[in-house]
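Peer 1: See work_2.txt below, with compact mmCIF, C-alpha atoms.
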```
# COMPACT_ATOMS: atom_id res chain seq x y z
CA MET A 1 99.44 75.73 130.38
CA THR A 2 99.49 74.77 134.07
CA LYS A 3 97.34 77.55 135.42
CA ALA A 4 95.55 75.67 138.17
CA PRO A 5 98.31 75.75 140.83
CA GLN A 6 99.06 79.41 140.13
CA THR A 7 95.41 80.33 140.55
CA GLY A 8 95.28 78.82 144.04
CA LEU A 9 98.52 80.48 145.10
CA SER A 10 97.49 83.84 143.72
CA HIS A 11 94.31 83.96 145.81
CA PRO A 12 94.49 87.14 147.95
CA LEU A 13 94.10 85.16 151.19
CA VAL A 14 97.00 82.87 150.25
CA VAL A 15 99.22 85.79 149.24
CA ALA A 16 98.43 87.56 152.52
CA TYR A 17 99.02 84.37 154.55
CA LEU A 18 102.43 83.72 152.97
CA GLY A 19 103.44 87.35 153.53
CA ASP A 20 102.31 87.17 157.17
CA LEU A 21 104.16 83.88 157.63
CA ASP A 22 107.40 85.29 156.28
CA ARG A 23 107.11 88.30 158.61
CA ALA A 24 106.20 86.10 161.59
CA LEU A 25 109.38 84.09 160.97
CA ALA A 26 111.56 87.22 160.88
CA SER A 27 113.28 86.30 164.14
CA ALA A 28 113.64 82.60 163.27
CA ASP A 29 116.76 80.86 162.03
CA PRO A 30 117.16 82.23 158.45
CA GLN A 31 117.50 78.79 156.85
CA GLU A 32 114.51 77.48 158.76
CA ARG A 33 112.52 80.57 157.75
CA LEU A 34 113.28 80.02 154.07
CA ASP A 35 112.61 76.25 154.27
CA THR A 36 109.32 76.80 156.09
CA VAL A 37 107.92 79.42 153.72
CA THR A 38 108.95 77.28 150.72
CA ALA A 39 107.43 74.11 152.21
CA VAL A 40 104.19 75.85 153.17
CA THR A 41 103.95 77.23 149.61
CA GLU A 42 104.39 73.67 148.29
CA HIS A 43 101.75 72.45 150.76
CA LEU A 44 99.32 75.08 149.47
CA THR A 45 100.14 74.18 145.86
CA ASP A 46 99.24 70.56 146.62
CA ALA A 47 96.17 71.40 148.69
CA LEU A 48 94.71 73.92 146.22
CA GLY A 49 96.31 72.70 142.99
CA ASP A 50 93.42 70.51 141.87
CA GLU A 51 91.02 73.43 142.10
CA ALA A 52 90.98 75.51 138.92
CA GLU A 53 89.58 78.41 140.91
CA PRO A 54 89.32 77.60 144.61
CA THR A 55 86.56 79.37 146.42
CA THR A 56 87.33 81.61 149.36
CA GLU A 57 85.77 78.96 151.63
CA GLN A 58 88.10 76.29 150.27
CA VAL A 59 91.11 78.53 150.74
CA ARG A 60 90.01 79.40 154.27
CA ALA A 61 89.62 75.70 155.13
CA VAL A 62 93.14 74.88 153.89
CA LEU A 63 94.67 77.84 155.75
CA GLU A 64 92.79 76.85 158.91
CA GLU A 65 94.29 73.36 158.74
CA LEU A 66 97.74 74.92 158.38
CA GLY A 67 97.20 76.95 161.54
CA SER A 68 98.01 80.51 162.46
CA VAL A 69 101.31 81.96 161.29
CA GLU A 70 102.15 82.72 164.93
CA LYS A 71 101.83 79.03 165.83
CA ILE A 72 104.13 78.06 162.97
CA ALA A 73 106.63 80.75 163.99
CA ASP A 74 106.52 79.45 167.59
CA ALA A 75 107.58 76.03 166.30
CA ALA A 76 110.66 77.49 164.59
CA THR A 77 114.12 77.81 166.11
CA PRO A 78 115.04 81.38 167.08
CA ALA A 79 117.78 82.98 164.99
CA SER A 80 120.12 83.54 167.94
CA PRO A 81 122.28 80.53 168.88
CA ALA A 82 120.61 80.47 172.31
CA SER A 83 119.38 76.90 172.00
CA PRO A 84 122.25 74.43 172.42
CA ALA A 85 120.12 71.68 170.87
CA TRP A 86 120.47 73.29 167.46
CA ALA A 87 123.97 74.76 167.90
CA SER A 88 125.54 72.37 165.41
CA SER A 89 122.92 73.06 162.77
CA THR A 90 123.29 76.85 163.01
CA GLU A 91 127.02 76.44 162.36
CA GLU A 92 126.21 74.97 158.96
CA GLN A 93 123.85 77.77 158.00
CA PRO A 94 126.32 80.56 157.09
CA ARG A 95 128.23 78.30 154.74
CA GLY A 96 125.12 77.46 152.72
CA SER A 97 123.94 81.05 152.52
CA TRP A 98 127.41 82.36 151.63
CA VAL A 99 128.07 80.29 148.53
CA ALA A 100 125.27 81.56 146.27
CA PRO A 101 125.98 85.32 146.77
CA ALA A 102 129.72 84.70 146.31
CA LEU A 103 129.02 82.77 143.14
CA LEU A 104 126.89 85.61 141.78
CA ALA A 105 129.61 88.14 142.68
CA THR A 106 132.18 86.02 140.82
CA ALA A 107 129.86 85.83 137.81
CA ILE A 108 129.53 89.64 137.80
CA VAL A 109 133.32 90.06 138.06
CA SER A 110 133.74 87.63 135.14
CA LEU A 111 131.77 90.11 132.99
CA VAL A 112 134.61 92.65 133.06
CA LEU A 113 137.50 90.23 132.56
CA PRO A 114 138.06 89.81 128.80
CA LEU A 115 139.14 86.14 128.44
CA LEU A 116 139.62 84.85 131.98
CA GLY A 117 135.96 85.77 132.46
CA GLY A 118 134.93 82.96 130.12
CA ALA A 119 136.68 80.34 132.25
CA LEU A 120 135.23 81.88 135.43
CA ALA A 121 131.76 81.90 133.86
CA ILE A 122 131.98 78.19 132.97
CA GLY A 123 133.01 77.43 136.56
CA CYS A 124 130.15 79.54 137.91
CA ILE A 125 127.57 77.85 135.66
CA VAL A 126 128.75 74.34 136.60
CA THR A 127 128.73 75.16 140.34
CA ALA A 128 125.32 76.87 140.15
CA VAL A 129 123.79 73.92 138.27
CA VAL A 130 125.21 71.46 140.82
CA LEU A 131 123.83 73.55 143.72
CA LEU A 132 120.45 73.87 142.01
CA ARG A 133 120.24 70.10 141.58
CA GLY A 134 121.22 69.72 145.23
CA ASP A 135 118.08 71.48 146.44
CA SER A 136 119.80 74.76 147.37
CA PRO A 137 117.62 77.32 149.15
CA ARG A 138 119.14 80.22 147.14
CA ARG A 139 117.60 79.33 143.81
CA PRO A 140 117.01 82.93 142.57
CA LEU A 141 120.68 83.85 143.19
CA LEU A 142 121.88 80.68 141.47
CA ILE A 143 119.62 81.31 138.46
CA ALA A 144 120.93 84.91 138.31
CA THR A 145 124.48 83.49 138.39
CA ILE A 146 123.70 81.27 135.39
CA VAL A 147 122.20 84.19 133.46
CA VAL A 148 125.14 86.55 134.17
CA SER A 149 127.67 83.82 133.40
CA SER A 150 125.89 83.04 130.12
CA VAL A 151 126.17 86.72 129.14
CA THR A 152 129.89 86.56 129.95
CA LEU A 153 130.26 83.46 127.79
CA VAL A 154 128.50 85.17 124.87
CA ILE A 155 130.74 88.25 125.23
CA THR A 156 133.83 86.04 125.44
CA ALA A 157 132.74 84.03 122.40
CA VAL A 158 132.19 87.24 120.40
CA LEU A 159 135.62 88.54 121.47
CA VAL A 160 137.38 85.28 120.61
CA LEU A 161 135.63 84.90 117.24
CA GLY A 162 136.28 88.56 116.42
CA THR A 163 139.96 88.24 117.28
CA LEU A 164 140.27 85.03 115.25
CA ALA A 165 138.55 86.58 112.24
CA PHE A 166 140.76 89.68 112.41
CA THR A 167 143.95 87.64 112.86
CA SER A 168 143.22 85.21 110.01
CA PHE A 169 142.16 88.04 107.66
CA GLY A 170 145.21 90.25 108.35
CA GLY A 171 147.71 87.34 108.74
CA GLY A 172 146.64 85.80 105.39
CA VAL A 173 147.50 88.95 103.44
CA VAL A 174 150.94 89.21 105.02
CA THR A 175 151.80 85.57 104.45
CA GLU A 176 150.67 85.46 100.84
CA SER A 177 152.36 88.74 99.84
CA SER A 178 155.65 88.17 101.63
CA GLY A 179 156.32 84.76 100.06
CA PRO A 180 156.53 85.69 96.42
CA VAL A 181 158.38 88.93 97.19
CA VAL A 182 161.13 87.07 99.03
CA SER A 183 161.40 84.39 96.34
CA SER A 184 161.50 86.88 93.46
CA GLU A 185 164.27 88.83 95.22
CA ALA A 186 166.12 85.58 95.65
CA ILE A 187 165.84 84.90 91.90
CA VAL A 188 167.04 88.42 91.12
CA VAL A 189 169.99 88.11 93.50
CA THR A 190 170.84 84.68 92.16
CA GLY A 191 170.64 86.00 88.59
CA THR A 192 172.92 89.07 89.05
CA ASN A 193 175.71 87.53 91.07
CA PRO A 194 177.33 85.20 88.53
CA MET B 1 94.20 79.63 176.51
CA ASP B 2 95.01 75.90 176.64
CA SER B 3 93.24 73.69 179.16
CA PRO B 4 95.46 71.67 181.57
CA ASP B 5 94.83 68.57 179.41
CA ASP B 6 95.92 70.44 176.30
CA ALA B 7 99.04 71.75 178.03
CA VAL B 8 100.11 68.21 178.99
CA LEU B 9 99.44 66.94 175.49
CA THR B 10 101.34 69.85 173.95
CA GLN B 11 104.42 69.05 176.04
CA LEU B 12 104.22 65.33 175.31
CA ARG B 13 103.82 65.96 171.57
CA LYS B 14 106.83 68.29 171.58
CA GLY B 15 108.97 65.52 172.97
CA VAL B 16 107.97 62.82 170.51
CA LEU B 17 106.81 64.55 167.34
CA GLU B 18 110.16 64.44 165.55
CA TYR B 19 110.34 60.67 166.07
CA CYS B 20 106.74 60.29 164.89
CA VAL B 21 107.73 62.12 161.69
CA LEU B 22 110.66 59.74 161.28
CA ALA B 23 108.30 56.81 161.89
CA CYS B 24 105.94 58.06 159.15
CA LEU B 25 108.87 57.96 156.73
CA ARG B 26 110.07 54.50 157.77
CA GLN B 27 108.25 52.59 155.04
CA ARG B 28 108.45 55.03 152.16
CA PRO B 29 109.16 58.68 151.31
CA ALA B 30 106.30 61.16 151.62
CA TYR B 31 105.60 64.74 150.56
CA GLY B 32 104.68 67.55 152.94
CA LEU B 33 100.88 67.55 152.63
CA GLU B 34 100.84 63.75 152.86
CA LEU B 35 102.90 63.78 156.08
CA ALA B 36 100.85 66.61 157.58
CA THR B 37 97.58 64.81 156.87
CA GLN B 38 98.88 61.53 158.34
CA LEU B 39 100.08 63.21 161.55
CA THR B 40 96.91 65.29 161.91
CA THR B 41 94.72 62.20 161.45
CA ALA B 42 96.78 60.49 164.17
CA ARG B 43 96.10 63.54 166.41
CA LEU B 44 99.84 64.14 166.81
CA LEU B 45 99.75 67.48 165.01
CA THR B 46 97.21 70.21 165.69
CA SER B 47 98.43 72.74 163.10
CA GLU B 48 99.75 71.26 159.87
CA GLY B 49 102.05 74.23 159.29
CA THR B 50 104.10 73.51 162.43
CA LEU B 51 105.43 70.39 160.68
CA TYR B 52 107.61 72.43 158.33
CA PRO B 53 110.05 74.10 160.76
CA LEU B 54 110.50 70.62 162.26
CA LEU B 55 111.23 69.07 158.85
CA SER B 56 113.77 71.81 158.21
CA ARG B 57 115.57 70.95 161.48
CA LEU B 58 115.45 67.22 160.79
CA ARG B 59 117.04 67.89 157.42
CA LYS B 60 119.77 70.04 158.97
CA GLN B 61 120.45 67.31 161.51
CA GLY B 62 120.86 64.81 158.67
CA LEU B 63 117.98 62.63 159.85
CA VAL B 64 115.87 63.34 156.76
CA GLU B 65 116.71 64.28 153.19
CA SER B 66 114.52 65.57 150.40
CA THR B 67 114.36 64.95 146.67
CA TRP B 68 112.14 66.28 143.90
CA GLN B 69 109.93 63.81 142.08
CA GLU B 70 107.56 64.28 139.17
CA SER B 71 103.88 64.31 140.05
CA THR B 72 101.06 62.98 137.89
CA SER B 73 98.71 65.73 139.07
CA GLY B 74 100.71 68.93 139.05
CA PRO B 75 104.20 70.35 139.47
CA PRO B 76 107.08 68.22 140.88
CA ARG B 77 106.85 67.47 144.58
CA ARG B 78 109.50 67.53 147.28
CA TYR B 79 109.59 64.10 148.93
CA TYR B 80 111.13 63.59 152.34
CA GLN B 81 112.88 60.33 153.19
CA LEU B 82 114.86 58.87 156.07
CA THR B 83 118.65 58.87 155.95
CA ASP B 84 120.67 56.04 157.52
CA HIS B 85 121.26 58.35 160.47
CA GLY B 86 117.49 58.93 160.73
CA THR B 87 116.76 55.21 160.64
CA GLN B 88 119.27 54.66 163.43
CA ALA B 89 117.82 57.52 165.51
CA LEU B 90 114.31 56.09 165.09
CA ALA B 91 115.46 52.60 166.15
CA THR B 92 117.14 54.05 169.26
CA PHE B 93 113.97 55.99 170.14
CA ALA B 94 111.75 52.92 169.66
CA ASP B 95 114.03 50.84 171.91
CA THR B 96 113.87 53.53 174.58
CA TRP B 97 110.20 54.38 174.22
CA ARG B 98 108.76 50.89 174.78
CA PRO B 99 110.20 50.30 178.28
CA PHE B 100 109.74 53.99 179.15
CA SER B 101 106.01 54.02 178.28
CA ALA B 102 105.59 50.69 180.09
CA ASP B 103 107.26 52.20 183.19
CA VAL B 104 104.99 55.26 183.09
CA THR B 105 101.89 53.07 182.70
CA ALA B 106 103.07 50.84 185.54
CA ILE B 107 103.65 53.72 187.96
CA LEU B 108 100.28 55.24 187.10
CA GLU B 109 98.54 51.90 187.73
CA GLU B 110 100.46 51.16 190.95
CA THR B 111 99.64 54.53 192.50
CA ARG B 112 95.94 54.54 191.70
```
Go ahead and render the structure in this file as C-alpha cells.
Peer 2:
Amino acid sequence: MTKAPQTGLSHPLVVAYLGDLDRALASADPQERLDTVTAVTEHLTDALGDEAEPTTEQVRAVLEELGSVEKIADAATPASPASPAWASSTEEQPRGSWVAPALLATAIVSLVLPLLGGALAIGCIVTAVVLLRGDSPRRPLLIATIVVSSVTLVITAVLVLGTLAFTSFGGGVVTESSGPVVSSEAIVVTGTNP
Amino acid sequence: MDSPDDAVLTQLRKGVLEYCVLACLRQRPAYGLELATQLTTARLLTSEGTLYPLLSRLRKQGLVESTWQESTSGPPRRYYQLTDHGTQALATFADTWRPFSADVTAILEETR
C-alpha cells in the first residue's frame, strides 16, 4: 500500500489550500488553472510524500514556501483573450478541452447502437488511451470514456455471441432435416417414374 | 506592501523568469519541486507556487514538454524538459542578455 503520499495530501490544511487555489484561479485561463492545480498537487505529493504523517508544522512550512493562493493566481493568465502575448496559446485551448467530452458523448451514444456501437467503442477506447498517454488534462473524462466503451463492448459481445448461438442452433436443425427429406423424395420419385 | 527595491526586483524577475526556467532545464529534465527549489535558492522565485502557471504557459508555447517518469521514492513524477524550440529561445535570450546587461552596467557606471 502506498499510503504515505495520500496522508500528506489528505491533511485538512492541504485540502483547504488546494480548494482555495482552485477558487482563486476561477478567472484564469481554464487550461492554466487545471495545469496549475495539478502541478501544485504533485509538488505537495513530493514535498510531503516522505512523511508518513506530516505534522501541521511541516504542512504549514511547505504551504508557506508555495506562497499564497492569491500570489499564484496573480501569476496566471486571465481567461479573457485580453493579453496579446498569449493569444496564440488560448486559441489552442478549446480544441484540447473539446475532444474529451466529445469522446465521452460518442461512447455514450455507442451504448444504444446494437452493432455499430462496438466499432465506435473500440475507436473511443483507442483514442482515449492515446490521449491519456499524451498527458491530457481531461483524465477523468477519458477514463469514463474507456469505462463506458468497455460496457458497450461487453454488450456487443453478448449480442454477437447470442446471435451466433441462436443461428447455429436453429440453422443446424433445418440443414440436417431438409437433406434427407429431399433425397428420400428423390428416391421415391425416381422409383415410381419408370 | 512591497518596498521600492522589491518592486524593481519583481519587475526584473517577471521579465527574465521564463528564460531562467528554460536555463534550469538546459542540462537535464527536472520535476516541479526540484525546479522550484533551484529557482528559490537562486532568489529568482519568491513563491514556489508561481512557477506552475508559468510552466503551463511555456508548455503551451511549445518551449517545454513534460513526460511521466517512475520515481524510486513514491508515485511517478512529471518531468519537464526543453523542446528544440525552447533551446533556440534560450540561446536567443542568452545572446541578447549578455550585451544588454553589459550596456546597463556601463550606463550605471558612467553616470555615477
Peer 1: Rank B:Ala7, B:Leu55, B:Cys24, B:Ala42 by their smallest atom-to-atom distance to B:Arg78, using all atoms listed in the file, and report the top residue only.
Peer 2: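 Among the listed residues, the smallest separation from B:Arg78 belongs to B:Leu55.
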Peer 1: Define the interface residues of chain B facing chain A as those within 10 Å, counting only C-alpha atoms, and report them as a ChimeraX atom specification.
Peer 2: /B:14,31-34,36-37,40,46-62,65-68,73-78
Peer 1: Could you jot down the atom CA of A:Leu111 to atom CA of A:Cys124 separation for me, Å, one decimal place?
Peer 2: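 It comes out at 11.8 Å.
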Peer 1: Might you pull out every residue within 9 Å of A:Ile108, with only C-alpha atoms counted and same-chain residues fewer than 3 positions away left off, and present them as a PyMOL selection string?
Peer 2: chain A and resi 103-105+111-112+121+145+148-149+152
Peer 1: Just the number, please: distance in Å from atom CA of A:Gly8 to atom CA of B:Gln38, one decimal.
Peer 2: 22.7 Å
Peer 1: Would you mind telling me which residue in B:Ala102, B:Leu22, B:Ile107, B:Leu35 lies nearest to B:Gln88 when using all atoms listed in the file?
Peer 2: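 Nearest candidate to B:Gln88 out of B:Ala102, B:Leu22, B:Ile107, B:Leu35: B:Leu22.
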Peer 1: In Å, rounded to a single decimal, give me how far atom CA of B:Val21 is from atom CA of B:His85.
Peer 2: 14.1 Å
